[in-house]
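**Student:** Contents are TSV, C-alpha atoms; file name coords37.tsv:
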chain	number	residue	atom	x	y	z
H	12	MET	CA	-7.19	32.23	14.28
H	13	ILE	CA	-7.53	29.51	16.94
H	14	ALA	CA	-11.31	29.27	16.65
H	15	GLU	CA	-11.20	29.24	12.85
H	16	CYS	CA	-8.57	26.49	12.86
H	17	LEU	CA	-10.46	24.38	15.36
H	18	LEU	CA	-13.55	24.59	13.17
H	19	PHE	CA	-11.49	23.86	10.05
H	20	LEU	CA	-9.81	20.82	11.61
H	21	VAL	CA	-12.90	19.44	13.32
H	22	ALA	CA	-14.84	19.67	10.07
H	23	LEU	CA	-11.86	18.49	8.02
H	24	VAL	CA	-13.18	17.45	4.66
H	25	PRO	CA	-10.91	17.91	1.67
H	26	PRO	CA	-12.47	19.67	-1.32
H	27	GLU	CA	-14.43	17.55	-3.77
H	28	ASN	CA	-11.99	18.37	-6.57
H	29	GLY	CA	-9.10	16.93	-4.56
H	30	LEU	CA	-6.33	18.45	-2.51
H	31	THR	CA	-5.56	21.95	-3.71
H	32	GLU	CA	-2.48	23.93	-2.75
H	33	GLU	CA	-4.68	26.47	-0.96
H	34	TRP	CA	-6.45	23.74	1.07
H	35	TYR	CA	-3.11	22.12	1.92
H	36	GLU	CA	-1.61	25.44	3.11
H	37	GLU	CA	-4.65	26.17	5.30
H	38	TYR	CA	-4.42	22.62	6.68
H	39	LYS	CA	-0.73	23.10	7.52
H	40	GLU	CA	-1.26	26.50	9.13
H	41	CYS	CA	-4.14	25.28	11.28
H	42	ASN	CA	-2.19	22.28	12.46
H	43	LYS	CA	0.65	24.56	13.56
H	44	VAL	CA	-1.88	26.19	15.83
H	45	VAL	CA	-2.95	22.84	17.26
H	46	LEU	CA	0.70	21.74	17.67
H	47	ILE	CA	1.00	18.77	15.29
H	48	GLU	CA	2.69	20.41	12.33
H	49	ASP	CA	5.67	18.05	12.15
H	50	ASN	CA	3.67	15.09	10.85
H	51	LEU	CA	1.29	16.65	8.34
H	52	GLU	CA	3.19	15.68	5.23
H	53	LEU	CA	3.45	12.06	6.38
H	54	LEU	CA	-0.27	11.91	7.18
H	55	ILE	CA	-1.12	13.29	3.74
H	56	GLU	CA	1.41	10.95	2.09
H	57	HIS	CA	0.16	7.75	3.73
H	58	PHE	CA	-3.58	8.22	4.26
H	59	ASP	CA	-6.24	8.51	1.58
H	60	TYR	CA	-7.67	12.02	1.69
H	61	VAL	CA	-11.09	10.72	2.79
H	62	ASN	CA	-9.40	9.22	5.88
H	63	LEU	CA	-7.22	12.21	6.84
H	64	ASP	CA	-9.81	13.61	9.21
H	65	THR	CA	-10.09	10.44	11.27
H	66	ALA	CA	-6.35	9.70	11.15
H	67	TYR	CA	-5.51	13.20	12.35
H	68	LYS	CA	-8.03	13.00	15.18
H	69	ILE	CA	-6.79	9.58	16.31
H	70	MET	CA	-3.15	10.69	16.25
H	71	TRP	CA	-3.97	13.78	18.26
H	72	CYS	CA	-6.08	11.86	20.78
H	73	GLU	CA	-3.57	9.03	21.17
H	74	SER	CA	-0.33	11.02	21.49
H	75	ARG	CA	-0.96	14.75	21.01
H	76	GLY	CA	1.43	14.42	18.07
H	77	GLN	CA	4.39	13.34	20.20
H	78	GLU	CA	6.34	10.67	18.31
H	79	ASN	CA	8.03	9.44	21.51
H	80	ALA	CA	4.76	9.07	23.42
H	81	LEU	CA	4.83	6.02	25.67
H	82	ARG	CA	1.98	4.79	27.83
H	83	THR	CA	2.78	1.96	30.21
H	84	ALA	CA	-0.38	2.00	32.38
H	85	GLU	CA	-1.56	-1.54	31.58
H	86	GLY	CA	1.90	-2.90	30.82
H	87	ASN	CA	1.37	-2.77	27.06
H	88	ASP	CA	3.96	-0.09	26.30
H	89	ASP	CA	1.63	1.71	23.88
H	90	SER	CA	4.12	3.56	21.70
H	91	GLY	CA	4.41	6.35	19.19
H	92	LEU	CA	1.99	8.65	17.45
H	93	PHE	CA	-0.77	6.05	17.09
H	94	GLN	CA	0.08	4.22	20.34
H	95	PHE	CA	0.76	0.78	18.89
H	96	ILE	CA	1.21	-2.26	21.10
H	97	LYS	CA	3.81	-4.90	20.29
H	98	PRO	CA	1.50	-7.69	19.00
H	99	THR	CA	-0.41	-5.34	16.67
H	100	TRP	CA	2.80	-3.72	15.40
H	101	ASN	CA	4.44	-7.06	14.66
H	102	TRP	CA	1.31	-8.36	12.93
H	103	VAL	CA	1.24	-5.34	10.60
H	104	ALA	CA	5.03	-5.44	10.16
H	105	LYS	CA	4.99	-9.10	9.15
H	106	LYS	CA	2.06	-8.63	6.77
H	107	HIS	CA	3.67	-5.60	5.06
H	108	ASP	CA	7.39	-6.38	5.43
H	109	LEU	CA	8.22	-3.56	7.85
H	110	PRO	CA	10.77	-3.55	10.68
H	111	ARG	CA	9.57	-5.36	13.82
H	112	TRP	CA	8.90	-3.83	17.24
H	113	ASN	CA	12.01	-2.41	18.95
H	114	GLU	CA	14.16	-2.78	15.80
H	115	TRP	CA	16.47	0.15	15.37
H	116	VAL	CA	16.20	2.03	12.09
H	117	ILE	CA	18.35	4.68	10.47
H	118	LEU	CA	16.43	7.75	9.35
H	119	ARG	CA	17.57	10.80	7.48
H	120	HIS	CA	15.36	13.83	7.80
H	121	GLY	CA	12.69	11.56	9.28
H	122	ARG	CA	12.62	9.02	6.47
H	123	PRO	CA	14.18	5.55	6.13
H	124	TYR	CA	17.76	5.69	4.91
H	125	GLU	CA	19.70	2.85	3.33
H	126	GLY	CA	22.19	4.86	1.32
H	127	PRO	CA	25.95	5.15	1.63
H	128	THR	CA	27.61	6.31	4.81
H	129	SER	CA	28.03	10.03	5.21
H	130	LYS	CA	30.85	12.23	6.46
H	131	THR	CA	28.35	14.17	8.51
H	132	SER	CA	25.61	13.19	10.92
H	133	TYR	CA	23.38	16.06	9.78
H	134	GLY	CA	19.77	14.91	9.43
H	135	PHE	CA	20.48	11.37	10.63
H	136	GLU	CA	18.88	9.64	13.58
H	137	PHE	CA	18.90	6.11	14.91
H	138	LYS	CA	15.76	5.10	16.77
H	139	GLN	CA	13.40	2.29	17.60
H	140	VAL	CA	10.98	1.84	14.74
H	141	GLN	CA	7.75	2.31	16.72
H	142	PHE	CA	8.94	5.78	17.78
H	143	SER	CA	9.61	6.87	14.21
H	144	SER	CA	6.89	9.18	12.88
H	145	TYR	CA	7.40	7.79	9.39
H	146	TYR	CA	6.93	4.14	10.36
H	147	ASN	CA	4.23	4.79	12.95
H	148	ILE	CA	2.08	6.70	10.48
H	149	LEU	CA	2.80	4.17	7.73
H	150	ALA	CA	1.84	1.26	10.00
H	151	ALA	CA	-1.34	3.05	11.09
H	152	SER	CA	-2.34	3.70	7.49
H	153	LEU	CA	-1.69	0.08	6.54
H	154	LEU	CA	-3.62	-1.19	9.57
H	155	ALA	CA	-6.62	1.09	9.02
H	156	GLN	CA	-6.81	1.14	5.22
H	157	ASP	CA	-5.16	-2.02	3.85
H	158	THR	CA	-5.18	-4.82	6.42
H	159	TYR	CA	-8.90	-5.52	6.54
H	160	SER	CA	-11.34	-5.82	3.66
H	161	SER	CA	-12.57	-2.27	4.34
H	162	VAL	CA	-11.32	0.82	6.16
H	163	ARG	CA	-11.51	0.20	9.91
H	164	TRP	CA	-10.54	2.28	12.92
H	165	THR	CA	-11.48	-0.31	15.55
H	166	ASP	CA	-7.87	-0.76	16.67
H	167	TRP	CA	-8.18	2.67	18.29
H	168	ASN	CA	-11.58	2.15	19.95
H	169	SER	CA	-10.09	2.76	23.41
H	170	SER	CA	-9.71	6.45	22.50
H	171	LYS	CA	-12.91	6.76	20.48
H	172	TRP	CA	-14.41	8.83	23.30
H	173	CYS	CA	-11.96	11.52	22.16
H	174	TRP	CA	-12.07	11.26	18.36
H	175	GLY	CA	-15.37	9.48	17.66
H	176	THR	CA	-17.49	12.59	17.11
H	177	ASP	CA	-16.66	16.09	15.99
H	178	LYS	CA	-18.13	17.43	19.21
H	179	SER	CA	-16.00	15.26	21.51
H	180	PHE	CA	-12.86	15.98	19.49
H	181	LYS	CA	-13.50	19.72	19.50
H	182	GLU	CA	-14.06	19.70	23.28
H	183	ASN	CA	-10.82	17.76	23.90
H	184	VAL	CA	-8.74	19.98	21.62
H	185	ARG	CA	-10.20	23.07	23.25
H	186	ARG	CA	-9.54	21.76	26.77
H	187	ASP	CA	-5.96	20.82	25.96
H	188	PHE	CA	-5.30	24.07	24.15
H	189	ILE	CA	-6.56	26.09	27.12
H	190	TRP	CA	-4.32	24.02	29.41
H	191	TRP	CA	-1.36	24.55	27.04
H	192	GLN	CA	-1.96	28.32	26.94
H	193	LYS	CA	-2.08	28.51	30.74
H	194	SER	CA	1.01	26.34	31.23
H	195	SER	CA	3.07	28.24	28.63
H	196	ARG	CA	2.49	31.54	30.47
H	197	ARG	CA	4.22	30.28	33.59
Since I need it in another form, could you write the structure as structure tokens?
**Tutor:**
Amino acid sequence: MIAECLLFLVALVPPENGLTEEWYEEYKECNKVVLIEDNLELLIEHFDYVNLDTAYKIMWCESRGQENALRTAEGNDDSGLFQFIKPTWNWVAKKHDLPRWNEWVILRHGRPYEGPTSKTSYGFEFKQVQFSSYYNILAASLLAQDTYSSVRWTDWNSSKWCWGTDKSFKENVRRDFIWWQKSSRR
């Protein structure tokens, strides 16, 4: 199953007749294998199907699907699934009327919530916007698909060595999966 899913994901091209239920189920199952199942519906919701392949690869290469990923190596505090930096986030947020960097948002079941108060805290969370899967994926889709005059992925060029070709992506997924298998046996 692992090899089949790696091939499916690396060659991810939705069917010509659009997203079918069968294609979607295979996509979800394969992503469970590669450990990014939690964000599939948001990726499909926010990205055009022709861009799903690249968006998925970038998200995996940038954060391995970890919504709380934080990289502080150069002092930028690259944050979230798509590893946004503060100036880029705030530029997209201003342009598309989204919450700004470090703003706290209320989510219910992973989505923005502005409804009435509840007697229970079930499904609610309060977190900084850049660490919300919903907002991070939305901001990435807006940046890549809607901010420029054409679809561009140049904001993630620093990780292009990982996602830029099917071969490099496949090698990185394979290497990480082997590492994950070995570490989970301990």
**Student:** Here is a test: counting all atoms listed in the file, which residue of H:Gln139, H:Gln94, H:Ser161, H:Thr83 is nearest to Ile69 (chain H)?
**Tutor:**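 Using all atoms listed in the file, the shortest distance to Ile69 (chain H) belongs to H:Gln94.
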**Student:** What's around Ile148 (chain H) at 8 Å? Count all atoms listed in the file, leave out sequence neighbours fewer than 6 positions away in its own chain, and write the answer as number ranges by chain.
**Tutor:** H: 53-54, 57, 92-93
**Student:** Please produce an output containing C-alpha atoms for each residue in the selection, written as a CSV table (one decimal), keeping the file's coordinate frame.
**Tutor:**
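Output (again_18.csv):
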chain,number,residue,atom,x,y,z
H,53,LEU,CA,3.4,12.1,6.4
H,54,LEU,CA,-0.3,11.9,7.2
H,57,HIS,CA,0.2,7.8,3.7
H,92,LEU,CA,2.0,8.6,17.4
H,93,PHE,CA,-0.8,6.0,17.1
**Student:** May I ask which of the residues H:Ser170, H:Thr65, H:Gln77, H:Gln156 is the closest one to Ser90 (chain H), counting all atoms listed in the file?
**Tutor:** H:Gln77
**Student:** Using all atoms listed in the file, collect all residues at a distance of at most 10 Å from (-3.3, 8.7, 20.8) as written in the file, then present them as a PyMOL selection string.
**Tutor:** chain H and resi 67-77+80-82+89-95+167+169-171+173-174
**Student:** Have a look at CA of Tyr133 (chain H) and CA of Asn50 (chain H) and let me know their distance in Å, one decimal.
**Tutor:** 19.8 Å
**Student:** Find, counting only C-alpha atoms, the residue in H:Lys178, H:Arg111, H:Lys97, H:His120 that gets nearest to Asp49 (chain H).
**Tutor:**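 Closest residue, counting only C-alpha atoms: H:His120.
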**Student:** Scan for residues within 8 Å of the point (6.0, 6.9, 14.6) in the coordinates of the file, using only C-alpha atoms, and reply as a list of chain:residue names.
**Tutor:** H:Glu78, H:Asn79, H:Gly91, H:Leu92, H:Phe93, H:Val140, H:Gln141, H:Phe142, H:Ser143, H:Ser144, H:Tyr145, H:Tyr146, H:Asn147, H:Ile148
**Student:** Would you write out those residues with C-alpha atoms, as a JSON list (two decimals), in the frame of the given file?
**Tutor:**
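Printed below is selection_39.json as written:
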[["chain", "number", "residue", "atom", "x", "y", "z"],
["H", 78, "GLU", "CA", 6.34, 10.67, 18.31],
["H", 79, "ASN", "CA", 8.03, 9.44, 21.51],
["H", 91, "GLY", "CA", 4.41, 6.35, 19.19],
["H", 92, "LEU", "CA", 1.99, 8.65, 17.45],
["H", 93, "PHE", "CA", -0.77, 6.05, 17.09],
["H", 140, "VAL", "CA", 10.98, 1.84, 14.74],
["H", 141, "GLN", "CA", 7.75, 2.31, 16.72],
["H", 142, "PHE", "CA", 8.94, 5.78, 17.78],
["H", 143, "SER", "CA", 9.61, 6.87, 14.21],
["H", 144, "SER", "CA", 6.89, 9.18, 12.88],
["H", 145, "TYR", "CA", 7.40, 7.79, 9.39],
["H", 146, "TYR", "CA", 6.93, 4.14, 10.36],
["H", 147, "ASN", "CA", 4.23, 4.79, 12.95],
["H", 148, "ILE", "CA", 2.08, 6.70, 10.48]]
**Student:** Between H:Asn113, H:Thr176, H:Thr128, H:Thr99, which has the minimum distance to Ala151 (chain H) (counting only C-alpha atoms)?
**Tutor:**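 Of H:Asn113, H:Thr176, H:Thr128, H:Thr99, the one nearest Ala151 (chain H), counting only C-alpha atoms, is H:Thr99.
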**Student:** Go ahead and compute the interatomic distance for CA of Leu149 (chain H) and CA of Gly126 (chain H), in Å to one decimal.
**Tutor:** 20.4 Å
**Student:** What is the CA of Leu63 (chain H)-CA of Asn183 (chain H) distance in Å, reported with one decimal?
**Tutor:**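 Going from CA of Leu63 (chain H) over to CA of Asn183 (chain H) covers 18.3 Å.
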**Student:** With only C-alpha atoms as the atoms that count, which of H:Trp172, H:Val61, H:Lys106, H:Arg122 lies nearest to Asp157 (chain H)?
**Tutor:** H:Lys106
**Student:** Between H:Ser160, H:Asn101, H:Thr165, H:Ser152, which one has atoms that come closest to Phe58 (chain H), using all atoms listed in the file?
**Tutor:**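 Among H:Ser160, H:Asn101, H:Thr165, H:Ser152, it is H:Ser152 that comes nearest to Phe58 (chain H).
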